[in-house]
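Note sheet for the following structure.
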Amino acid sequence: MQEEVTGNLAGLKASEIKSLERLYRRRVAPSEVVSSELATQLAATSAELHRQVGVLIDRRGAIQHVMVGDASKIVLPDVGRMRGGKGRFRGLRLVHTHLRGESLTRDDLTDLALLRLDAVAAITVDAAGRPMKLFVGHLVADGPVDRPWKELPAEPPTASQLDFTELVAGLESEFGRARRGAATDAGKDRALLVHVQLGRARDSEARIAELRELCRTAGVKVLDVLVQRRPEADPRFLVGRGKLDDILLRAMQLGAECVIFDPDLTPGQARAISDATELKVLDRTMLILDIFAQHATSRDGKLQVELAQLRYAIPRLIEKNTMMSRLTAGVGGKAGLGGRGPGETKLEINRRRARERVNLLEKKLEELAGDRRLRRHRRTHRDVPIIAICGYTNAGKSTLLNSLTQGDALAADKLFATLDPISRRLRFPHEREVVITDTVGFIRDLPEELTRAFRATLEEMEDADLLVHVVDASDPDRDQHIRAVEGILNDLGLGDKPRVQVWNKADRLEPGDAEHLARHSGGFVVSALDRATFGPLLLAIERELWHAGKDTPIARVLHA
Ligand SMILES: Nc1nc2c(ncn2[C@@H]2O[C@H](COP(=O)(O)OP(=O)(O)OP(=O)(O)O)[C@@H](O)[C@H]2O)c(=O)[nH]1
Ligand SMILES: [Mg+2]
């Protein structure tokens, strides 16, 4: 058993440390929060050292840890990951001294909640080193968000009437009931979403809706969404420290396993928040990468996603075993959300191994890129024009490709259903042929890591003679989507490629809206589900590619 005393040991004599170590030999009856003897010894030692002294006691009454603080606070050791099922108590109670007569502090109660302790107890100490009052607090399953706990009336520490065994049994059954209510979505990650509206940003509603869609696609159950407005991001935690505590408490209360932030966290913020909780800490980009990892099918795609995940994760990994962090740390954990990559990769593998893996992946991908170049070279050599379909995710790109070519590319009501470029042939009259390529969807704020993961697709677009930009015209946020796509195309240096715009999902539009678009937008209104709507679009493509005049075979059919 570990017999180390942790905390503020500076300036203590060897004999004082020895006597603290002797606290490990104490035992407490499971039915008492603290025994009269232990309370007396903690108080005396604490008065002598002018520092708070605390112990973590397990349910059998054994002392699991001894720590020392300063006169006003104490820092808990890393008590390790939760054992047992989700939302279980850790089976430890904190008993410590208070030198200034104070009852339980906000820090005490926050630790109680975030570490899921059985109880937190403070013993006040008088000038002579005698224990005066015992304050005990425990969690309650249905308390308010910002204070999910209850404080019991103070008692004399040497004659407490509290039956601790009974208290713990009551807590277990109360929280067990709350958990059973939540057990129906087994197998899904349960998340709390945090959206921070910065400055005068006005797209919060759309961003939250999109984050929910991403969660649905990733198989994440959203338990609640917290929104905070701030003039600018807090450099340390994105949100303020107090708000972060509220978020973590809320997550605990709902039985969430992870918290997902939007906008993205900087590496420093991700580390600082992970340090303050053992919940999984993710952001929007990690969520998107997770979806990519689930959807990648080709060897190329899988390697690219893994590489992007590693690159994103490395600066965010936190060192484990930081003994003195007040709370415990963790990223990834089981192979679930955020830890799901092709192969064995978990985010928690250590940095050095992660970097080695990055180097290896880069090498492999370089080889594959060479093969790809060769394939494309052969294709372009045959002089077949190439059309690349691009657009916001879920716009209907794959559906359009399928309808145009009677193919069976995967189309689904998911974000990023398509990851690997798929090409099909399409025949035009006069023995003319084109290759149409479906591409990965775009999304606003496409981070650098994702752009790199798109590389295969982007190369396809560079080769294209014509881009077909598909827009889900029925999406209330369509203008934002168009701006995002155009911005990304410009960033990629594809802004000058010939492009036609397609307003898709016309079947979902009000008739007036469809007509208005057709007349004033300069694009083509179609429903990818209905081939009969494709005529004008095909005509435009034909003209664009073969610079045909007005009298083309398609035109003749259309105007007959
Ligand atoms: N009502 C209607 N639904 C459509 C139409 N086109 C596509 N959809 C639906 O929209 C959803 C997304 O279609 P996909 O073809 O997978 O979209 P995508 O642009 O390829 O999406 P990602 O590959 O995920 O970026 C699917 O549920 C389609 O059935 C349309 O014209 N009308
Ligand atoms: Mg698709």
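Here's how to read the names in the structure tokens: chain A, B, ... by the order shown, residue numbers from 1 in each chain, ligand numbers from 1 in the order shown.
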Neighbouring residues of ligand 2 are defined here as those with any atom at most 8 Å from a ligand atom, counting only C-alpha atoms and all ligand atoms; list them as an mmCIF file with N, CA, C and O atoms, in the first residue's frame.
data_model
loop_
_atom_site.group_PDB
_atom_site.id
_atom_site.type_symbol
_atom_site.label_atom_id
_atom_site.label_comp_id
_atom_site.auth_asym_id
_atom_site.auth_seq_id
_atom_site.Cartn_x
_atom_site.Cartn_y
_atom_site.Cartn_z
ATOM 1 N N THR A 393 -21.624 19.681 -46.504
ATOM 2 C CA THR A 393 -21.965 18.309 -46.152
ATOM 3 C C THR A 393 -23.486 18.137 -46.069
ATOM 4 O O THR A 393 -24.192 19.045 -45.634
ATOM 5 N N ASN A 394 -23.960 17.012 -46.549
ATOM 6 C CA ASN A 394 -25.378 16.657 -46.549
ATOM 7 C C ASN A 394 -26.206 17.424 -47.584
ATOM 8 O O ASN A 394 -27.433 17.429 -47.522
ATOM 9 N N GLY A 396 -26.490 16.704 -50.660
ATOM 10 C CA GLY A 396 -27.068 15.781 -51.644
ATOM 11 C C GLY A 396 -26.123 15.461 -52.791
ATOM 12 O O GLY A 396 -26.549 15.033 -53.868
ATOM 13 N N LYS A 397 -24.837 15.620 -52.573
ATOM 14 C CA LYS A 397 -23.841 15.401 -53.628
ATOM 15 C C LYS A 397 -23.835 13.948 -54.106
ATOM 16 O O LYS A 397 -23.865 13.678 -55.301
ATOM 17 N N SER A 398 -23.795 13.018 -53.144
ATOM 18 C CA SER A 398 -23.734 11.600 -53.529
ATOM 19 C C SER A 398 -25.032 11.173 -54.202
ATOM 20 O O SER A 398 -25.021 10.380 -55.148
ATOM 21 N N THR A 399 -26.128 11.710 -53.707
ATOM 22 C CA THR A 399 -27.416 11.378 -54.310
ATOM 23 C C THR A 399 -27.449 11.850 -55.763
ATOM 24 O O THR A 399 -27.909 11.125 -56.658
ATOM 25 N N ALA A 409 -23.304 4.924 -55.035
ATOM 26 C CA ALA A 409 -22.450 5.501 -54.000
ATOM 27 C C ALA A 409 -23.287 5.695 -52.739
ATOM 28 O O ALA A 409 -24.489 5.940 -52.818
ATOM 29 N N LEU A 410 -22.651 5.593 -51.613
ATOM 30 C CA LEU A 410 -23.373 5.718 -50.360
ATOM 31 C C LEU A 410 -23.903 7.144 -50.190
ATOM 32 O O LEU A 410 -23.160 8.119 -50.213
ATOM 33 N N ALA A 411 -25.219 7.238 -50.050
ATOM 34 C CA ALA A 411 -25.812 8.534 -49.716
ATOM 35 C C ALA A 411 -26.613 8.305 -48.453
ATOM 36 O O ALA A 411 -27.309 7.306 -48.324
ATOM 37 N N ALA A 412 -26.482 9.176 -47.503
ATOM 38 C CA ALA A 412 -27.165 8.950 -46.244
ATOM 39 C C ALA A 412 -27.423 10.272 -45.555
ATOM 40 O O ALA A 412 -26.724 11.252 -45.801
ATOM 41 N N PHE A 416 -20.895 14.086 -43.536
ATOM 42 C CA PHE A 416 -19.684 13.407 -43.990
ATOM 43 C C PHE A 416 -19.894 11.917 -44.252
ATOM 44 O O PHE A 416 -19.109 11.087 -43.833
ATOM 45 N N ALA A 417 -20.997 11.605 -44.916
ATOM 46 C CA ALA A 417 -21.223 10.215 -45.311
ATOM 47 C C ALA A 417 -20.138 9.798 -46.305
ATOM 48 O O ALA A 417 -19.692 8.658 -46.320
ATOM 49 N N THR A 418 -19.728 10.743 -47.141
ATOM 50 C CA THR A 418 -18.699 10.450 -48.137
ATOM 51 C C THR A 418 -17.361 10.964 -47.669
ATOM 52 O O THR A 418 -17.244 12.119 -47.297
ATOM 53 N N LEU A 419 -16.362 10.125 -47.673
ATOM 54 C CA LEU A 419 -15.018 10.594 -47.335
ATOM 55 C C LEU A 419 -14.051 10.373 -48.472
ATOM 56 O O LEU A 419 -13.183 11.171 -48.742
ATOM 57 N N ASP A 438 -17.400 12.440 -56.875
ATOM 58 C CA ASP A 438 -18.095 12.911 -55.674
ATOM 59 C C ASP A 438 -17.017 13.208 -54.645
ATOM 60 O O ASP A 438 -15.994 12.543 -54.593
ATOM 61 N N THR A 439 -17.217 14.215 -53.836
ATOM 62 C CA THR A 439 -16.157 14.566 -52.882
ATOM 63 C C THR A 439 -16.708 14.693 -51.476
ATOM 64 O O THR A 439 -17.912 14.733 -51.265
ATOM 65 N N VAL A 440 -15.807 14.774 -50.558
ATOM 66 C CA VAL A 440 -16.170 14.958 -49.158
ATOM 67 C C VAL A 440 -16.866 16.307 -49.007
ATOM 68 O O VAL A 440 -16.578 17.250 -49.725
ATOM 69 N N GLY A 441 -17.798 16.374 -48.059
ATOM 70 C CA GLY A 441 -18.520 17.622 -47.860
ATOM 71 C C GLY A 441 -17.682 18.654 -47.137
ATOM 72 O O GLY A 441 -16.738 18.323 -46.436
#
Practice task
Run DSSP on the backbone and grab whatever in region 212-331 of chain A lands in strand (DSSP E); send it over as number ranges by chain.
Solution key: A: 220-230, 258-262, 280-283
Practice task
Identify which of the residues A:Glu21, A:Asp507, A:Glu37, A:Asp479 lies closest to ligand 1, counting only C-alpha atoms and all ligand atoms when measuring atom-to-atom distances.
Solution key: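 Going through A:Glu21, A:Asp507, A:Glu37, A:Asp479 one by one, the smallest distance to ligand 1 is for A:Asp507.
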Which polymer residues have any atom within 10 Å of an atom of Leu415 (chain A), counting only C-alpha atoms, with same-chain residues fewer than 5 positions away left out, as a short mmCIF file (atom, residue, chain, number, x, y, z; two decimals) with C-alpha atoms, in the first residue's frame?
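Contents of around-v6.cif, freshly written:
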data_model
loop_
_atom_site.label_atom_id
_atom_site.label_comp_id
_atom_site.auth_asym_id
_atom_site.auth_seq_id
_atom_site.Cartn_x
_atom_site.Cartn_y
_atom_site.Cartn_z
CA GLU A 210 -24.98 21.79 -36.73
CA GLU A 213 -26.26 17.03 -36.28
CA LEU A 214 -22.59 16.17 -35.95
CA CYS A 215 -23.36 14.42 -32.65
CA ARG A 216 -26.23 12.51 -34.19
CA THR A 217 -23.97 11.37 -37.01
CA ALA A 218 -21.21 10.39 -34.60
CA ILE A 288 -15.65 15.77 -36.96
CA ILE A 291 -16.92 10.94 -37.74
CA PHE A 292 -14.21 10.78 -40.38
CA HIS A 295 -16.67 6.69 -42.21
CA TYR A 392 -21.62 21.60 -47.96
CA THR A 393 -21.97 18.31 -46.15
CA ASN A 394 -25.38 16.66 -46.55
CA ALA A 395 -26.29 18.85 -49.53
CA VAL A 440 -16.17 14.96 -49.16
CA GLY A 441 -18.52 17.62 -47.86
CA PHE A 442 -17.38 20.99 -46.61
CA ILE A 443 -18.30 22.60 -43.33
#
